[in-house]
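Participant: Here's a structure for you.
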Amino acid sequence: MITLTHYLVVSTILFALGLLGVLIRRNFIIVLMSVEMMLNAANLNLVAFSYYLHSLTGQIVALFVIAIAAGEAAVGLAIIVVIFRGKIATNVDQINLLKW
Amino acid sequence: MEFTLSVSAADLLLMLPEFLLTGLACLVLVLDFSFPKISKATLAWITAAGLSGILVSLVWMFASGLQGALFKGMFVLDAFAVFFKIIVVFSTLIVLLASLDYIKRIYLFRGEYYVMIMLAALGMLFMASANDLLSMFITIEFSTFGFYVLVAYLREDDLRSSEAGLKFFVLSVFTAAIMVFGISLIYGETGTIIFPELAASHPVLTGGLVIGFLCVLVGLGFKIGAVPFHNWIPDIYQGAPTPITAYLSIAPKAAAIAIVLRIFFSTFAEFKPEWVWLLIGMAALSMTYGNIVAIAQKDIKRLLAYSGIAQMGNLLIGLAAGTKMGGDSVLFYLVTYLVANLGAFAVVIIFSNLTGSDQIDDYSGLSRRSPLLAAAMMVFLLSLAGVPPLAGFIGKIYVFTAAMHEGLIALVIIGLINIVISMYYYLVVVKKMYIGQPTDHRPIPLSVPMKAVVYATVIGTVALGVYPKPFIEWAVASTSLFSHLIGP
């Protein structure tokens with residue numbers, strides 16, 4: 001029997017992995033992937049809650065989150081292409097013109 | 001389960017400004033690619049005319065007291081939403097006029113620049129009306145998508161711009177992901193995402209709800225740029241095209257403040273004893289951090305960025321008060337911040353159009369090169385510092401009074417100390433402009449739209465300080481939805 005707790009544990013682990021990925025990895029593509037993982041952890045939560053609360057709201061929210069994530073990937077990759085053209089780098093450490 | 005969605009024409013009237021803006025954005029986009037012969041300046045003037053029309057429609061909506069909710073309460077229109085919509089459209093108009101000269105530095109996609117500004121504004125109009133966690137998230141992302149593109153708009157011409165765009169993007173999606181996770185937890189604990197239903201369900205303060213609430217606060221704190229979610233502000237402000245910096249410094253913050261007020265003051269109003277400490281901490285940290293770090297800045301855009309962090313701290317004092325008067329003071333403070341800040345950025349734009357520089361040292365002797373600009377900049381900076389009789393003074397007094405009524409004396413004292421600190425770095429710029437020797441003696445030309453922007457913001461700054469009564473009344477009328485917070 002899979003209970004709500006199982007889903008929540010999985011989604012929390014997924015979220016924590018994504019969080020660590022954003023904070024630790026230095027490549028933008030990986031950072032973007034980690035963010036997607038965090039969003040999907042939230043989606044898993046939403047759908048699990050939706051099922052156990054017998055309300056459809058959570059599933060609708062999850063659909064919108066997927067759409068937003070797709071948009072984010074599109075804009076983010078476009079910006080990475082611009083950076084790459086100007087300065088052959090996709091690593092966070094090499095992007096350092098702005099600091100105080 | 002069965003869903004019915006009945007929307008009548010009268011209901012759609014509630015979304016009139018949004019429809020007009022969508023139409024305007026489509027019109028400009030189609031004109032741009034179908035008729036390449038139309039000059040970009042013409043497109044800008046069409047946009048400006050359209051935005052003025054939308055502003056008129058909003059004033060009409062405020063005057064007629066139109067209100068209602070659409071789509072099962074996801075979209076709500078009341079005087080409060082209209083207040084923020086007017087702020088957003090007004091700042092969009094000012095930014096558009098201020099972009100007219102600046103945009104000559106951009107070689108490609110000039111027409112799309114106006115469209116992106118309008119789409120970002122459209123997102124912010126919806127933010128002002130967002131009334132549940134889902135529409136909050138979607139509208140925040142909607143407006144931010146426009147800003148991702150706008151911040152990186154200089155592309156390969158100025159690598160700092162694309163770098164700023166990338167940093168903004170990474171940090172923004174990161175906080176957005178945290179916010180969605182928070183939304184999922186709040187939904188799980190309460191079973192609803194609509195603000196009034198959340199308030200009516202009288203949720204118990206369980207661990208999940210607290211974590212969810214804190215996660216949502218991360219996303220909102222990022223949007224308003226308060227410490228400890230301020231890290232993006234200086235870099236993005238410096239790298240972005242200056243009109244976009246001006247836009248970022250006011251419009252998204254105002255729209256996010258609308259959501260923050262709805263969440264803190266009506267949705268989770270009963271947890272005031274718990275959240276008030278969060279706001280007090282954020283206010284004190286933002287003011288102190290922003291003001292102290294601003295002293296060391298050499299770049300005027302970074303100086304204004306740190307000053308903006310500090311101004312948000314001042315504004316949070318009004319939020320921490322947590323009363324209707326606190327809400328009024330926040331709204332009024334936003335108006336005073338809007339005029340002074342947009343004005344200061346307009347001067348920065350004019351200056352960098354001629355010199356290409358944003359260094360504070362290059363402002364030396366500005367009073368001899370352009371007495372009008374130097375005087376205007378002095379008015380804006382003194383207003384931001386809070387010198388009477390300018391707008392910032394009344395704004396700060398109002399916020400402090402609201403906090404005093406709630407007994408937040410320590411916070412007000414921190415605020416007063418910070419005014420003294422901030423006076424220092426604002427006055428350093430004023431001193432450079434008036435006493436310093438210019439290294440470059442060219443007078444600074446002023447085009448007609450820039451002149452209009454500077455005059456409008458100077459008049460606004462002085463008028464709000466000398467005769468604030470109608471604006472205070474407007475703010476008080478706009479927060480009637482918080483009248484349950486008047487208290488004994």
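Here, A, B, ... name the chains of the structure tokens in the order displayed, residue numbers run from 1 inside each chain, and ligands are numbered from 1 in the same displayed order.
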Residues at most 9 Å from stretch 60-77 of chain A, counting only C-alpha atoms, excluding those fewer than 2 positions away in the same chain, as number ranges by chain?
Facilitator: A: 29, 32-33, 35-36, 39-40, 42-44, 46-47, 56-58, 79-82; B: 134, 137-138, 141-142, 145, 148-149, 166, 169-170, 173, 180, 184
Participant: Quick one: residues within 9 Å of A:Ala48, only C-alpha atoms counted, chain neighbours fewer than 2 positions away excluded, as JSON, numbers by chain?
Facilitator: {"A": [4, 7, 8, 43, 44, 45, 46, 50, 51, 52, 53, 58, 59], "B": [188]}
Participant: Write out the residues from the selection above, keeping N, CA and C atoms, as a PDB file, in the first residue's frame.
Facilitator:
ATOM      1  N   LEU A   4       0.230   8.516   1.205  1.00  0.00           N
ATOM      2  CA  LEU A   4       0.623   9.880   0.863  1.00  0.00           C
ATOM      3  C   LEU A   4       2.057  10.147   1.323  1.00  0.00           C
ATOM      4  N   TYR A   7       4.729   9.360  -1.213  1.00  0.00           N
ATOM      5  CA  TYR A   7       4.875  10.381  -2.258  1.00  0.00           C
ATOM      6  C   TYR A   7       5.623  11.598  -1.730  1.00  0.00           C
ATOM      7  N   LEU A   8       5.268  11.997  -0.516  1.00  0.00           N
ATOM      8  CA  LEU A   8       5.898  13.204   0.029  1.00  0.00           C
ATOM      9  C   LEU A   8       7.393  12.984   0.254  1.00  0.00           C
ATOM     10  N   ASN A  43       5.300  19.190  -8.650  1.00  0.00           N
ATOM     11  CA  ASN A  43       4.210  18.560  -9.407  1.00  0.00           C
ATOM     12  C   ASN A  43       3.777  17.255  -8.767  1.00  0.00           C
ATOM     13  N   LEU A  44       4.757  16.460  -8.339  1.00  0.00           N
ATOM     14  CA  LEU A  44       4.450  15.181  -7.707  1.00  0.00           C
ATOM     15  C   LEU A  44       3.623  15.409  -6.453  1.00  0.00           C
ATOM     16  N   ASN A  45       4.056  16.390  -5.658  1.00  0.00           N
ATOM     17  CA  ASN A  45       3.298  16.774  -4.468  1.00  0.00           C
ATOM     18  C   ASN A  45       1.863  17.119  -4.811  1.00  0.00           C
ATOM     19  N   LEU A  46       1.729  17.994  -5.821  1.00  0.00           N
ATOM     20  CA  LEU A  46       0.402  18.508  -6.171  1.00  0.00           C
ATOM     21  C   LEU A  46      -0.517  17.362  -6.585  1.00  0.00           C
ATOM     22  N   SER A  50      -3.732  16.008  -4.665  1.00  0.00           N
ATOM     23  CA  SER A  50      -4.989  16.052  -5.406  1.00  0.00           C
ATOM     24  C   SER A  50      -5.720  14.719  -5.290  1.00  0.00           C
ATOM     25  N   TYR A  51      -4.958  13.617  -5.384  1.00  0.00           N
ATOM     26  CA  TYR A  51      -5.562  12.292  -5.323  1.00  0.00           C
ATOM     27  C   TYR A  51      -6.112  12.014  -3.934  1.00  0.00           C
ATOM     28  N   TYR A  52      -5.333  12.338  -2.894  1.00  0.00           N
ATOM     29  CA  TYR A  52      -5.769  11.994  -1.544  1.00  0.00           C
ATOM     30  C   TYR A  52      -6.802  12.962  -0.982  1.00  0.00           C
ATOM     31  N   LEU A  53      -6.858  14.191  -1.544  1.00  0.00           N
ATOM     32  CA  LEU A  53      -7.862  15.156  -1.063  1.00  0.00           C
ATOM     33  C   LEU A  53      -9.130  15.091  -1.899  1.00  0.00           C
ATOM     34  N   GLY A  58      -5.253  20.418  -7.666  1.00  0.00           N
ATOM     35  CA  GLY A  58      -3.829  20.125  -7.704  1.00  0.00           C
ATOM     36  C   GLY A  58      -3.370  19.686  -9.079  1.00  0.00           C
ATOM     37  N   GLN A  59      -4.183  18.873  -9.754  1.00  0.00           N
ATOM     38  CA  GLN A  59      -3.767  18.400 -11.078  1.00  0.00           C
ATOM     39  C   GLN A  59      -3.740  19.544 -12.084  1.00  0.00           C
TER      40      GLN A  59
ATOM     41  N   GLY B 188      -1.733  21.162  -0.013  1.00  0.00           N
ATOM     42  CA  GLY B 188      -1.896  19.890   0.677  1.00  0.00           C
ATOM     43  C   GLY B 188      -2.452  20.056   2.076  1.00  0.00           C
TER      44      GLY B 188
END
Participant: So which residues touch B:Val448 within 12 Å, counting only C-alpha atoms, skipping near sequence neighbours fewer than 4 positions away, as a list in words?
Facilitator: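 In the requested form, the answer reads Leu97, Ala98, Leu100, Asp101, Ile350, Ala452, Val453, Val454 and Tyr455 of chain B.
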Participant: Contacts of stretch 208-213 of chain B at 7 Å or less, counting only C-alpha atoms, minus same-chain residues fewer than 4 places along, as JSON, numbers by chain?
Facilitator: {"B": [182, 183, 185, 186, 189, 217]}
Participant: Please save N, CA and C atoms of the selected residues as a PDB file, in the first residue's frame.
Facilitator:
ATOM      1  N   GLY B 182       6.275  25.457  -2.297  1.00  0.00           N
ATOM      2  CA  GLY B 182       5.498  26.015  -1.185  1.00  0.00           C
ATOM      3  C   GLY B 182       4.009  25.985  -1.483  1.00  0.00           C
ATOM      4  N   ILE B 183       3.645  26.316  -2.732  1.00  0.00           N
ATOM      5  CA  ILE B 183       2.226  26.294  -3.101  1.00  0.00           C
ATOM      6  C   ILE B 183       1.672  24.893  -2.930  1.00  0.00           C
ATOM      7  N   LEU B 185       2.617  22.595  -0.898  1.00  0.00           N
ATOM      8  CA  LEU B 185       2.441  22.254   0.520  1.00  0.00           C
ATOM      9  C   LEU B 185       1.223  22.957   1.110  1.00  0.00           C
ATOM     10  N   ILE B 186       1.032  24.247   0.748  1.00  0.00           N
ATOM     11  CA  ILE B 186      -0.139  24.961   1.272  1.00  0.00           C
ATOM     12  C   ILE B 186      -1.408  24.286   0.781  1.00  0.00           C
ATOM     13  N   GLU B 189      -2.038  21.124   2.761  1.00  0.00           N
ATOM     14  CA  GLU B 189      -2.491  21.315   4.137  1.00  0.00           C
ATOM     15  C   GLU B 189      -3.923  21.817   4.213  1.00  0.00           C
ATOM     16  N   LEU B 217       7.114  32.874   0.520  1.00  0.00           N
ATOM     17  CA  LEU B 217       7.746  34.147   0.890  1.00  0.00           C
ATOM     18  C   LEU B 217       9.089  34.315   0.179  1.00  0.00           C
TER      19      LEU B 217
END
Participant: Determine, counting only C-alpha atoms, which protein, DNA and RNA residues have an atom within 12 Å of an atom of stretch 458-464 of chain B; residues of the same chain fewer than 6 positions away are not included. Present the result as JSON, numbers by chain.
Facilitator: {"B": [332, 333, 334, 335, 336, 337, 338, 339, 340, 341, 342, 343, 344, 346, 347, 372, 373, 374, 375, 376, 377, 378, 379, 380, 381, 382, 383, 384, 386, 387, 388, 389, 390, 391, 392, 393, 394, 395, 451, 452, 470, 471, 472]}
Participant: Atom CA of B:Ser447 and atom CA of B:Pro36 are how many Å apart?
Facilitator: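 That distance, rounded to one decimal, is 25.0 Å.
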Participant: Nearest to A:Phe15: which of B:Ala403, B:Leu122, B:Val430, B:Ile178 is it, counting only C-alpha atoms?
Facilitator: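 The shortest atom-to-atom distance to A:Phe15 comes from B:Ile178.
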Participant: Excluding B:Tyr424 and residues on its chain fewer than 2 positions from it, collect all residues at most 12 Å away from it, counting only C-alpha atoms, and give them as a list of chain:residue names.
Facilitator: B:Asn291, B:Ile292, B:Val293, B:Ala294, B:Ile295, B:Ala296, B:Ser307, B:Leu381, B:Leu382, B:Leu384, B:Ala385, B:Ile417, B:Asn418, B:Ile419, B:Val420, B:Ile421, B:Ser422, B:Tyr426, B:Leu427, B:Val428, B:Val429, B:Val430, B:Lys431
